[in-house]
Amino acid sequence: MNPAPEIATATAAADGMLPEVWRVDRVRRETHDTFTLELGPERPGSERAFEPGQFNMLYVFGVGEVPISISGDPRRRDRVVHTTRAVGRVTNVMSGLKTGGRIGLRGPYGTPWPVAAAQGRDVVLVAGGIGLAPLRPALYAILHRRNDFRNVVLLYGTRSPGDILFRQELERWRARFDLDVHVTVDRGAPSWKGNVGVVTTLVQKAPFDPRNAVAFICGPEVMIRFTAAELQRRGVPLDDVHISMERNMKCGIGLCGHCQLAGVFVCRDGPVFPYSRVADLVTQWEV
Amino acid sequence: MARPEIFFPAVSWIRLGGLMPGPGAIAPRPAALAAALLAQADLERLIQLLARDHRVIAPVVRDGAVVCDEIRTAGEIAFGAVTEQAPARYRMTMPGDHAARWPTGPPATPWKRVLHPSELTIWRAVRRDGRLVFEPIDSGPPRRLALVGVRPCDLAAIGRLDAPLRDGPWPDAAYAARRRGMFVLAVQCTEPCGTCFCASMGTGPDAGPGADLVLTELDGAGPARSLLEARTTAGAAMVVALGAAEAPEDAADEAHLAVDRARARMGRALDTSQLPARLLAHFEHPRWETVAKKCLTCGNCTFACPTCFCTTVEDRLDLAGETAARLRRWDTCFSVDFSYMHGGSVRLSPRSRYRQWLTHKLATWHEQFGTSGCVGCGRCITWCPVGIDITLEAAAVADTAPRTGPTRRTGAHP
Ligand SMILES: Cc1cc2nc3c(=O)[nH]c(=O)nc-3n(C[C@H](O)[C@H](O)[C@H](O)COP(=O)(O)OP(=O)(O)OC[C@H]3O[C@@H](n4cnc5c(N)ncnc54)[C@H](O)[C@@H]3O)c2cc1C
Ligand code: SF4
Ligand code: FES
């Protein structure tokens, strides 16, 4: 009706949509299309705690804002680490950010991986592709208090050997005797001596007790569905399977409506859900 | 499994005791703190009193339709307008015998336009010399709003919008600011329109909670008279300030009767008993496909809907590329982009998009906010260019006996 957009009458303190300025302290190229940003707050005192599995809304000047999970160590409060795959408008421009650059950040938002609930049990982390990034903080938290957990297993699948994230760290983890790390690729390469096949094929052999295990899955939705089915086949109750979901998100705080999945706001009620709560929704088409 | 299992997400933050009773529930008639008999001249004084410290918004006539807009005098109100509303049909006339009466039915534009503008700049980002600054847009305390002439369905709709936009852990700053200290004069309905079904939704034709003043037009010969009842202290103060004639004992009963008669003359009806469960049991009903063949996925229903709140954001860069205005716009779940994720949209087929809208309004809203998302105003029926009727679609799906379970994708679980 009126062509000139109205102006909001909000106060900064109350506005959950207003980002804060963060500084890019370090950029690391992980793979041909994936990069890690280490961010520090421009305004001292803006440091914030987060829990594994939570995400931030990252704003790139003039382009837009996207939800990206935190991939760093939850004990480090002085910085926030994000690992992102460049797939489109915002993430492509984000991948061009340099040390000293600036980014907008809101968060952390969303539900965490239930790390505490896994204490005294076996923990199975299953990651597909970029899905390793949102799981890494959970693994850090578990390794930090390794004795509180029984077997800890990481199953990780990528499309090709060139897509493997955090390679050096994976090597270090694999060398540990208190951690089982299994990596597989969909398509091998001449130099690849490891597993070939989708990550779900690793589930049956993995060393954990299905009746006393908690599983965290992060990856494409189809991979989540198949992995959960495999875990269920091994006897893991679906209540003990937790997944991280993705949906289009424009606000991250329950206001824009984009992330709705039936009665669920993925941004606010998730992104981490017990699979038993969403299984019926994600196995139907176009919910 | 016969139907998608629905669970209740963490709703503890929802402010309990919110505005609205559940659908179908007939709210007990709230007690009036004060009551007066209002003549047309009193109304002008009321508007002037409100205008002292409010931006007064009321139904007015623009381009052959009744819409909500700012007024300065009572004379601007669309008195005498009669709207004929039917699927894909809206006609406004000014029959002489209706002269002093409030426009019938809900205005063409929903009141959310005022509380939740269709376009809004929410902040600006300035990039200069490698630095980035976010500027909140703060034009100081806004002038309080007074909404005058709000129909009961629309009064309920404001309560429905409060749940997602004001009462959650992160209130929408612009909405909350407009909502703060808002004054509402509701007008109960004695003449429903052809697309009205508030009686089914439990939101009308009598006004539920949320209004400071409730007005009911009284019939009878002679000059137009209305009963004005105060429901809040702010409303009572207004009645006192007006100094209008005290309402006779029987005025309340007369008003009640007139509104009750309207209840029996609703244009449409919808059986809301167990409606969420009955709808969600039929996620794969063939009717979704039938309606999708008609639906243009234009999203008109979502823009006309008084409770649809979805938005998207985009950056508008200035020519120098130094300042980006963050623009928030209404969005619609009928667009393919709405559910886009890298690799494709979640809801690609028109069938799934229509189903998303209808089931959100009538079913999953309950799970999210404890009420229906539909208030029965009928705008989506009136403003749908192909005349799709939510009451018919919902009934066609929900009135079917439970059938076999939904089709599952690969990776499904037994
Ligand atoms: C809770 C959550 C956590 C995420 N964590 C990570 C992470 O740690 N690392 C990572 O690389 N990616 C992550 N993603 C996915 C990431 O948000 C998308 O890849 C990104 O939004 C793509 O934006 P684009 O503009 O570059 O792509 P385009 O394809 O140009 O997308 C256009 C717009 O669509 C929306 N969109 C597109 N894809 C997605 C998507 N997958 N999820 C949500 N919105 C999308 C965004 O609004 C985006 O701006 C996460 C998504 C969610 C919901
Ligand atoms: S739906 Fe009910 S409250 Fe709304 S205008 Fe029609 S009769 Fe009035
Ligand atoms: S992302 Fe906006 S409501 Fe969830």
# chains A, B, ... in the order shown; residues from 1 in each chain; ligands from 1
call {"tool": "residues_near_ligand", "arguments": {"ligand": "ligand 1", "cutoff": "8 Å", "atoms": "only C-alpha atoms and all ligand atoms", "output": "PDB file with C-alpha atoms, in the first residue's frame"}}
result
ATOM      1  CA  THR A  34      35.104 -25.699   2.854  1.00  0.00           C
ATOM      2  CA  GLN A  54      24.179 -24.780  18.727  1.00  0.00           C
ATOM      3  CA  PHE A  55      24.429 -22.421  15.799  1.00  0.00           C
ATOM      4  CA  ASN A  56      24.908 -18.738  15.051  1.00  0.00           C
ATOM      5  CA  GLY A  64      22.685 -11.934   3.705  1.00  0.00           C
ATOM      6  CA  GLU A  65      22.589 -14.019   6.815  1.00  0.00           C
ATOM      7  CA  VAL A  66      22.786 -17.803   7.179  1.00  0.00           C
ATOM      8  CA  PRO A  67      22.654 -20.313  10.036  1.00  0.00           C
ATOM      9  CA  ILE A  68      26.020 -21.987  10.662  1.00  0.00           C
ATOM     10  CA  SER A  69      26.760 -24.384  13.488  1.00  0.00           C
ATOM     11  CA  ILE A  70      29.603 -23.755  15.857  1.00  0.00           C
ATOM     12  CA  SER A  71      32.448 -26.163  15.132  1.00  0.00           C
ATOM     13  CA  HIS A  82      32.616 -21.942  12.231  1.00  0.00           C
ATOM     14  CA  THR A  83      33.278 -24.402   9.431  1.00  0.00           C
ATOM     15  CA  THR A  84      31.301 -23.696   6.306  1.00  0.00           C
ATOM     16  CA  ARG A  85      30.879 -25.195   2.882  1.00  0.00           C
ATOM     17  CA  ALA A  86      30.577 -22.624   0.112  1.00  0.00           C
ATOM     18  CA  VAL A  87      27.408 -23.603  -1.726  1.00  0.00           C
ATOM     19  CA  GLY A  88      25.670 -20.392  -2.727  1.00  0.00           C
ATOM     20  CA  ARG A  89      25.275 -16.662  -2.455  1.00  0.00           C
ATOM     21  CA  VAL A  90      26.121 -15.983   1.166  1.00  0.00           C
ATOM     22  CA  THR A  91      28.567 -18.787   1.803  1.00  0.00           C
ATOM     23  CA  ASN A  92      30.526 -18.043  -1.388  1.00  0.00           C
ATOM     24  CA  VAL A  93      31.101 -14.442  -0.348  1.00  0.00           C
ATOM     25  CA  GLY A 110      19.054 -23.851  19.238  1.00  0.00           C
ATOM     26  CA  ILE A 130      29.978 -30.981   6.387  1.00  0.00           C
ATOM     27  CA  GLY A 131      27.980 -32.667   9.177  1.00  0.00           C
ATOM     28  CA  ALA A 133      31.517 -29.639  11.800  1.00  0.00           C
ATOM     29  CA  PRO A 134      28.448 -29.416  14.067  1.00  0.00           C
ATOM     30  CA  SER A 244      20.597 -32.210  13.832  1.00  0.00           C
ATOM     31  CA  MET A 245      18.152 -30.866  11.262  1.00  0.00           C
ATOM     32  CA  GLU A 246      18.402 -28.183   8.632  1.00  0.00           C
ATOM     33  CA  ARG A 247      15.649 -26.012   7.316  1.00  0.00           C
ATOM     34  CA  ASN A 248      15.624 -22.643   5.599  1.00  0.00           C
ATOM     35  CA  MET A 249      16.132 -20.101   8.373  1.00  0.00           C
ATOM     36  CA  LYS A 250      15.724 -16.377   8.100  1.00  0.00           C
ATOM     37  CA  CYS A 259      12.013 -23.383   9.502  1.00  0.00           C
ATOM     38  CA  VAL A 266      13.539 -26.223  13.823  1.00  0.00           C
ATOM     39  CA  CYS A 267      15.461 -23.094  14.907  1.00  0.00           C
ATOM     40  CA  GLY A 270      15.900 -27.889  17.378  1.00  0.00           C
ATOM     41  CA  PRO A 271      18.115 -28.142  15.451  1.00  0.00           C
TER      42      PRO A 271
ATOM     43  CA  ASP B 337      11.686 -20.392  -2.180  1.00  0.00           C
ATOM     44  CA  SER B 339      11.486 -23.806   2.115  1.00  0.00           C
ATOM     45  CA  TYR B 340      14.569 -23.646  -0.104  1.00  0.00           C
ATOM     46  CA  MET B 341      17.729 -25.292   1.059  1.00  0.00           C
ATOM     47  CA  HIS B 342      20.855 -25.840  -0.935  1.00  0.00           C
ATOM     48  CA  GLY B 343      19.884 -28.572  -3.356  1.00  0.00           C
TER      49      GLY B 343
END
call {"tool": "residues_near_ligand", "arguments": {"ligand": "ligand 2", "cutoff": "8 Å", "atoms": "only C-alpha atoms and all ligand atoms", "output": "ChimeraX atom specification"}}
result
/B:104-107,151-154,188-193,195-199,203-207,262-263,266,375-378
call {"tool": "residues_around", "arguments": {"residues": "Ala230 of chain B", "least_positions_apart": "2", "cutoff": "6 Å", "atoms": "only C-alpha atoms", "output": "number ranges by chain"}}
result
B: 32-34, 212-213, 232, 235-236
call {"tool": "select_by_dssp", "arguments": {"residues": "segment 37-210 of chain A", "states": "strand (DSSP E)", "output": "ChimeraX atom specification"}}
result
/A:37-41,55-60,64-69,80-85,102-109,122-128,152-158,180-185,195-196
call {"tool": "atom_distance", "arguments": {"atom1": "atom CA of Met57 of chain A", "atom2": "atom CA of Phe334 of chain B"}}
result
24.6 Å
call {"tool": "atom_distance", "arguments": {"atom1": "atom CA of Gln260 of chain A", "atom2": "atom CA of Ser349 of chain B"}}
result
16.6 Å
call {"tool": "closest_residue", "arguments": {"among": "A:Leu231, A:Leu39, A:Ala141, A:Leu132", "to": "chain B", "atoms": "only C-alpha atoms"}}
result
A:Leu231
call {"tool": "residues_around", "arguments": {"residues": "Thr332 of chain B", "least_positions_apart": "5", "cutoff": "12 Å", "atoms": "only C-alpha atoms", "output": "short mmCIF file (atom, residue, chain, number, x, y, z; two decimals) with N, CA and C atoms, in the first residue's frame"}}
result
data_model
loop_
_atom_site.label_atom_id
_atom_site.label_comp_id
_atom_site.auth_asym_id
_atom_site.auth_seq_id
_atom_site.Cartn_x
_atom_site.Cartn_y
_atom_site.Cartn_z
N CYS A 256 10.37 -15.83 11.93
CA CYS A 256 10.13 -15.70 10.49
C CYS A 256 9.28 -16.83 9.92
N GLY A 257 9.15 -17.92 10.64
CA GLY A 257 8.30 -19.02 10.20
C GLY A 257 8.91 -19.97 9.19
N HIS A 258 10.09 -19.65 8.66
CA HIS A 258 10.62 -20.45 7.56
C HIS A 258 10.99 -21.88 7.93
N SER B 118 4.05 -4.80 6.24
CA SER B 118 4.43 -5.69 5.15
C SER B 118 5.87 -5.46 4.70
N THR B 297 -1.11 -20.82 -6.01
CA THR B 297 0.02 -20.61 -5.09
C THR B 297 0.48 -19.16 -5.10
N CYS B 298 -0.48 -18.25 -5.21
CA CYS B 298 -0.16 -16.82 -5.25
C CYS B 298 0.13 -16.27 -3.87
N GLY B 299 -0.36 -16.96 -2.83
CA GLY B 299 -0.12 -16.48 -1.47
C GLY B 299 -1.07 -15.39 -1.01
N ASN B 300 -2.05 -15.04 -1.82
CA ASN B 300 -3.01 -14.00 -1.42
C ASN B 300 -3.64 -14.29 -0.07
N CYS B 301 -3.99 -15.56 0.16
CA CYS B 301 -4.63 -15.91 1.42
C CYS B 301 -3.73 -15.59 2.59
N THR B 302 -2.42 -15.78 2.41
CA THR B 302 -1.51 -15.54 3.54
C THR B 302 -1.35 -14.05 3.80
N PHE B 303 -1.44 -13.23 2.75
CA PHE B 303 -1.32 -11.79 2.97
C PHE B 303 -2.62 -11.23 3.55
N ALA B 304 -3.75 -11.83 3.17
CA ALA B 304 -5.03 -11.37 3.69
C ALA B 304 -5.26 -11.90 5.11
N CYS B 305 -4.63 -12.99 5.44
CA CYS B 305 -4.84 -13.64 6.75
C CYS B 305 -4.37 -12.72 7.88
N CYS B 308 -1.23 -14.78 9.72
CA CYS B 308 -0.01 -15.22 9.04
C CYS B 308 1.09 -14.21 9.36
N PHE B 309 2.20 -14.70 9.89
CA PHE B 309 3.23 -13.77 10.36
C PHE B 309 4.58 -13.95 9.68
N CYS B 310 4.69 -14.87 8.73
CA CYS B 310 6.01 -15.19 8.19
C CYS B 310 6.63 -14.03 7.41
N THR B 311 7.93 -13.92 7.55
CA THR B 311 8.67 -12.84 6.90
C THR B 311 9.96 -13.39 6.30
N THR B 312 10.53 -12.61 5.38
CA THR B 312 11.87 -12.90 4.91
C THR B 312 12.66 -11.60 5.01
N ASP B 337 10.49 -20.85 -2.88
CA ASP B 337 11.69 -20.39 -2.18
C ASP B 337 11.58 -20.49 -0.67
N PHE B 338 10.36 -20.43 -0.19
CA PHE B 338 10.14 -20.37 1.26
C PHE B 338 10.89 -21.47 1.99
N SER B 339 10.87 -22.66 1.43
CA SER B 339 11.49 -23.81 2.12
C SER B 339 12.78 -24.22 1.43
N ARG B 353 2.40 -27.32 -0.44
CA ARG B 353 2.39 -25.94 0.05
C ARG B 353 0.99 -25.56 0.55
N TYR B 354 -0.03 -25.97 -0.17
CA TYR B 354 -1.38 -25.70 0.33
C TYR B 354 -1.60 -26.44 1.65
N GLN B 356 0.60 -27.32 3.82
CA GLN B 356 1.37 -26.66 4.88
C GLN B 356 0.56 -25.50 5.46
N TRP B 357 0.00 -24.69 4.56
CA TRP B 357 -0.73 -23.51 5.04
C TRP B 357 -1.96 -23.93 5.84
#
call {"tool": "select_by_dssp", "arguments": {"residues": "segment 18-253 of chain B", "states": "helix (DSSP H, G or I)", "output": "MDAnalysis selection string"}}
result
chainID B and resid 40:53 74:76 96:98 112:115 152:165 173:179 198:201 233:242 251:253
call {"tool": "closest_residue", "arguments": {"among": "B:Leu165, B:Leu257, B:Ala186, B:Ala177", "to": "ligand 3", "atoms": "only C-alpha atoms and all ligand atoms"}}
result
B:Leu165
call {"tool": "closest_residue", "arguments": {"among": "B:Pro171, B:Gly344, B:Gly202, B:Arg180", "to": "ligand 3", "atoms": "only C-alpha atoms and all ligand atoms"}}
result
B:Pro171
call {"tool": "closest_atom_pairs", "arguments": {"of": "segment 64-158 of chain A", "to": "segment 214-225 of chain A", "cutoff": "12 Å", "atoms": "only C-alpha atoms", "output": "JSON lines"}}
result
{"residue": "A:Ser69", "atom": "CA", "partner": "A:Cys218", "partner_atom": "CA", "distance": 11.0}
{"residue": "A:Pro112", "atom": "CA", "partner": "A:Phe216", "partner_atom": "CA", "distance": 10.7}
{"residue": "A:Trp113", "atom": "CA", "partner": "A:Phe216", "partner_atom": "CA", "distance": 7.3}
{"residue": "A:Pro114", "atom": "CA", "partner": "A:Phe216", "partner_atom": "CA", "distance": 8.7}
{"residue": "A:Val115", "atom": "CA", "partner": "A:Val214", "partner_atom": "CA", "distance": 9.1}
{"residue": "A:Ala116", "atom": "CA", "partner": "A:Val214", "partner_atom": "CA", "distance": 10.6}
{"residue": "A:Ala117", "atom": "CA", "partner": "A:Val214", "partner_atom": "CA", "distance": 8.2}
{"residue": "A:Ala118", "atom": "CA", "partner": "A:Val214", "partner_atom": "CA", "distance": 5.8}
{"residue": "A:Gln119", "atom": "CA", "partner": "A:Val214", "partner_atom": "CA", "distance": 9.2}
{"residue": "A:Gly120", "atom": "CA", "partner": "A:Val214", "partner_atom": "CA", "distance": 10.1}
{"residue": "A:Arg121", "atom": "CA", "partner": "A:Val214", "partner_atom": "CA", "distance": 6.9}
{"residue": "A:Asp122", "atom": "CA", "partner": "A:Val214", "partner_atom": "CA", "distance": 6.2}
{"residue": "A:Val123", "atom": "CA", "partner": "A:Val214", "partner_atom": "CA", "distance": 5.0}
{"residue": "A:Val124", "atom": "CA", "partner": "A:Ala215", "partner_atom": "CA", "distance": 4.5}
{"residue": "A:Leu125", "atom": "CA", "partner": "A:Phe216", "partner_atom": "CA", "distance": 4.9}
{"residue": "A:Val126", "atom": "CA", "partner": "A:Ile217", "partner_atom": "CA", "distance": 4.8}
{"residue": "A:Ala127", "atom": "CA", "partner": "A:Cys218", "partner_atom": "CA", "distance": 5.1}
{"residue": "A:Gly128", "atom": "CA", "partner": "A:Gly219", "partner_atom": "CA", "distance": 4.4}
{"residue": "A:Gly129", "atom": "CA", "partner": "A:Gly219", "partner_atom": "CA", "distance": 6.3}
{"residue": "A:Ile130", "atom": "CA", "partner": "A:Gly219", "partner_atom": "CA", "distance": 6.9}
{"residue": "A:Gly131", "atom": "CA", "partner": "A:Gly219", "partner_atom": "CA", "distance": 4.4}
{"residue": "A:Leu132", "atom": "CA", "partner": "A:Cys218", "partner_atom": "CA", "distance": 6.9}
{"residue": "A:Ala133", "atom": "CA", "partner": "A:Cys218", "partner_atom": "CA", "distance": 8.8}
{"residue": "A:Pro134", "atom": "CA", "partner": "A:Cys218", "partner_atom": "CA", "distance": 7.3}
{"residue": "A:Leu135", "atom": "CA", "partner": "A:Cys218", "partner_atom": "CA", "distance": 6.9}
{"residue": "A:Arg136", "atom": "CA", "partner": "A:Cys218", "partner_atom": "CA", "distance": 10.4}
{"residue": "A:Pro137", "atom": "CA", "partner": "A:Phe216", "partner_atom": "CA", "distance": 11.9}
{"residue": "A:Ala138", "atom": "CA", "partner": "A:Phe216", "partner_atom": "CA", "distance": 9.0}
{"residue": "A:Leu139", "atom": "CA", "partner": "A:Phe216", "partner_atom": "CA", "distance": 10.3}
{"residue": "A:Phe149", "atom": "CA", "partner": "A:Val214", "partner_atom": "CA", "distance": 10.4}
{"residue": "A:Arg150", "atom": "CA", "partner": "A:Val214", "partner_atom": "CA", "distance": 10.6}
{"residue": "A:Asn151", "atom": "CA", "partner": "A:Val214", "partner_atom": "CA", "distance": 10.4}
{"residue": "A:Val152", "atom": "CA", "partner": "A:Val214", "partner_atom": "CA", "distance": 9.8}
{"residue": "A:Val153", "atom": "CA", "partner": "A:Ala215", "partner_atom": "CA", "distance": 9.3}
{"residue": "A:Leu154", "atom": "CA", "partner": "A:Phe216", "partner_atom": "CA", "distance": 9.6}
{"residue": "A:Leu155", "atom": "CA", "partner": "A:Ile217", "partner_atom": "CA", "distance": 9.5}
{"residue": "A:Tyr156", "atom": "CA", "partner": "A:Gly219", "partner_atom": "CA", "distance": 9.7}
{"residue": "A:Gly157", "atom": "CA", "partner": "A:Gly219", "partner_atom": "CA", "distance": 9.2}
{"residue": "A:Thr158", "atom": "CA", "partner": "A:Gly219", "partner_atom": "CA", "distance": 9.8}
call {"tool": "residues_around", "arguments": {"residues": "Ala157 of chain B", "least_positions_apart": "3", "cutoff": "6 Å", "atoms": "only C-alpha atoms", "output": "NGL selection string"}}
result
:B and (154 or 160 or 306-307)
call {"tool": "write_last_selection", "arguments": {"atoms": "N, CA, C and O atoms", "output": "PDB file, in the first residue's frame"}}
result
ATOM      1  N   ASP B 154     -10.968 -10.190  14.368  1.00  0.00           N
ATOM      2  CA  ASP B 154      -9.684  -9.510  14.270  1.00  0.00           C
ATOM      3  C   ASP B 154      -9.080  -9.223  15.633  1.00  0.00           C
ATOM      4  O   ASP B 154      -7.858  -9.161  15.789  1.00  0.00           O
ATOM      5  N   ARG B 160      -3.632 -14.002  18.620  1.00  0.00           N
ATOM      6  CA  ARG B 160      -2.903 -15.099  17.961  1.00  0.00           C
ATOM      7  C   ARG B 160      -1.522 -14.628  17.512  1.00  0.00           C
ATOM      8  O   ARG B 160      -0.555 -15.386  17.539  1.00  0.00           O
ATOM      9  N   PRO B 306      -5.188 -12.561   8.909  1.00  0.00           N
ATOM     10  CA  PRO B 306      -4.794 -11.673  10.002  1.00  0.00           C
ATOM     11  C   PRO B 306      -3.784 -12.293  10.965  1.00  0.00           C
ATOM     12  O   PRO B 306      -3.291 -11.604  11.838  1.00  0.00           O
ATOM     13  N   THR B 307      -3.478 -13.579  10.803  1.00  0.00           N
ATOM     14  CA  THR B 307      -2.517 -14.201  11.723  1.00  0.00           C
ATOM     15  C   THR B 307      -1.260 -14.714  11.041  1.00  0.00           C
ATOM     16  O   THR B 307      -0.307 -15.066  11.727  1.00  0.00           O
TER      17      THR B 307
END
call {"tool": "closest_residue", "arguments": {"among": "B:Leu392, B:Ala363, B:Arg128, B:Phe369", "to": "Ala269 of chain B", "atoms": "only C-alpha atoms"}}
result
B:Leu392
call {"tool": "residues_around", "arguments": {"residues": "Tyr90 of chain B", "least_positions_apart": "4", "cutoff": "8 Å", "atoms": "only C-alpha atoms", "output": "list in words"}}
result
Thr83, Glu84, Gln85, Ala86, Thr382 and Trp383 of chain B
call {"tool": "write_last_selection", "arguments": {"atoms": "all heavy atoms", "output": "mmCIF file, in the first residue's frame"}}
result
data_model
loop_
_atom_site.group_PDB
_atom_site.id
_atom_site.type_symbol
_atom_site.label_atom_id
_atom_site.label_comp_id
_atom_site.auth_asym_id
_atom_site.auth_seq_id
_atom_site.Cartn_x
_atom_site.Cartn_y
_atom_site.Cartn_z
ATOM 1 N N THR B 83 -20.303 -4.654 3.068
ATOM 2 C CA THR B 83 -19.456 -5.444 2.183
ATOM 3 C C THR B 83 -20.118 -6.783 1.932
ATOM 4 O O THR B 83 -20.541 -7.467 2.867
ATOM 5 C CB THR B 83 -18.044 -5.652 2.767
ATOM 6 O OG1 THR B 83 -18.138 -6.354 3.997
ATOM 7 C CG2 THR B 83 -17.342 -4.330 2.982
ATOM 8 N N GLU B 84 -20.188 -7.108 0.660
ATOM 9 C CA GLU B 84 -20.709 -8.408 0.283
ATOM 10 C C GLU B 84 -19.495 -9.277 0.013
ATOM 11 O O GLU B 84 -18.661 -8.951 -0.833
ATOM 12 C CB GLU B 84 -21.565 -8.259 -0.977
ATOM 13 C CG GLU B 84 -22.162 -9.566 -1.460
ATOM 14 C CD GLU B 84 -22.437 -9.538 -2.950
ATOM 15 O OE1 GLU B 84 -22.646 -8.442 -3.508
ATOM 16 O OE2 GLU B 84 -22.397 -10.624 -3.551
ATOM 17 N N GLN B 85 -19.374 -10.341 0.789
ATOM 18 C CA GLN B 85 -18.181 -11.168 0.642
ATOM 19 C C GLN B 85 -18.583 -12.609 0.350
ATOM 20 O O GLN B 85 -19.458 -13.165 0.994
ATOM 21 C CB GLN B 85 -17.317 -11.086 1.904
ATOM 22 C CG GLN B 85 -16.915 -9.644 2.227
ATOM 23 C CD GLN B 85 -15.766 -9.532 3.230
ATOM 24 O OE1 GLN B 85 -14.894 -10.387 3.277
ATOM 25 N NE2 GLN B 85 -15.772 -8.459 4.008
ATOM 26 N N ALA B 86 -17.921 -13.164 -0.651
ATOM 27 C CA ALA B 86 -18.173 -14.539 -1.077
ATOM 28 C C ALA B 86 -16.852 -15.047 -1.641
ATOM 29 O O ALA B 86 -15.917 -14.268 -1.812
ATOM 30 C CB ALA B 86 -19.270 -14.549 -2.142
ATOM 31 N N THR B 382 -12.572 -14.853 0.699
ATOM 32 C CA THR B 382 -12.941 -13.686 -0.104
ATOM 33 C C THR B 382 -11.838 -13.325 -1.094
ATOM 34 O O THR B 382 -12.112 -13.022 -2.259
ATOM 35 C CB THR B 382 -13.198 -12.481 0.820
ATOM 36 O OG1 THR B 382 -14.235 -12.815 1.730
ATOM 37 C CG2 THR B 382 -13.576 -11.252 0.025
ATOM 38 N N TRP B 383 -10.587 -13.349 -0.630
ATOM 39 C CA TRP B 383 -9.489 -12.808 -1.438
ATOM 40 C C TRP B 383 -8.741 -13.837 -2.256
ATOM 41 O O TRP B 383 -7.795 -13.503 -2.954
ATOM 42 C CB TRP B 383 -8.554 -11.981 -0.552
ATOM 43 C CG TRP B 383 -9.313 -10.807 -0.016
ATOM 44 C CD1 TRP B 383 -9.869 -10.686 1.227
ATOM 45 C CD2 TRP B 383 -9.693 -9.635 -0.748
ATOM 46 N NE1 TRP B 383 -10.552 -9.493 1.318
ATOM 47 C CE2 TRP B 383 -10.463 -8.836 0.131
ATOM 48 C CE3 TRP B 383 -9.450 -9.181 -2.047
ATOM 49 C CZ2 TRP B 383 -10.998 -7.596 -0.268
ATOM 50 C CZ3 TRP B 383 -9.972 -7.957 -2.433
ATOM 51 C CH2 TRP B 383 -10.746 -7.183 -1.551
#
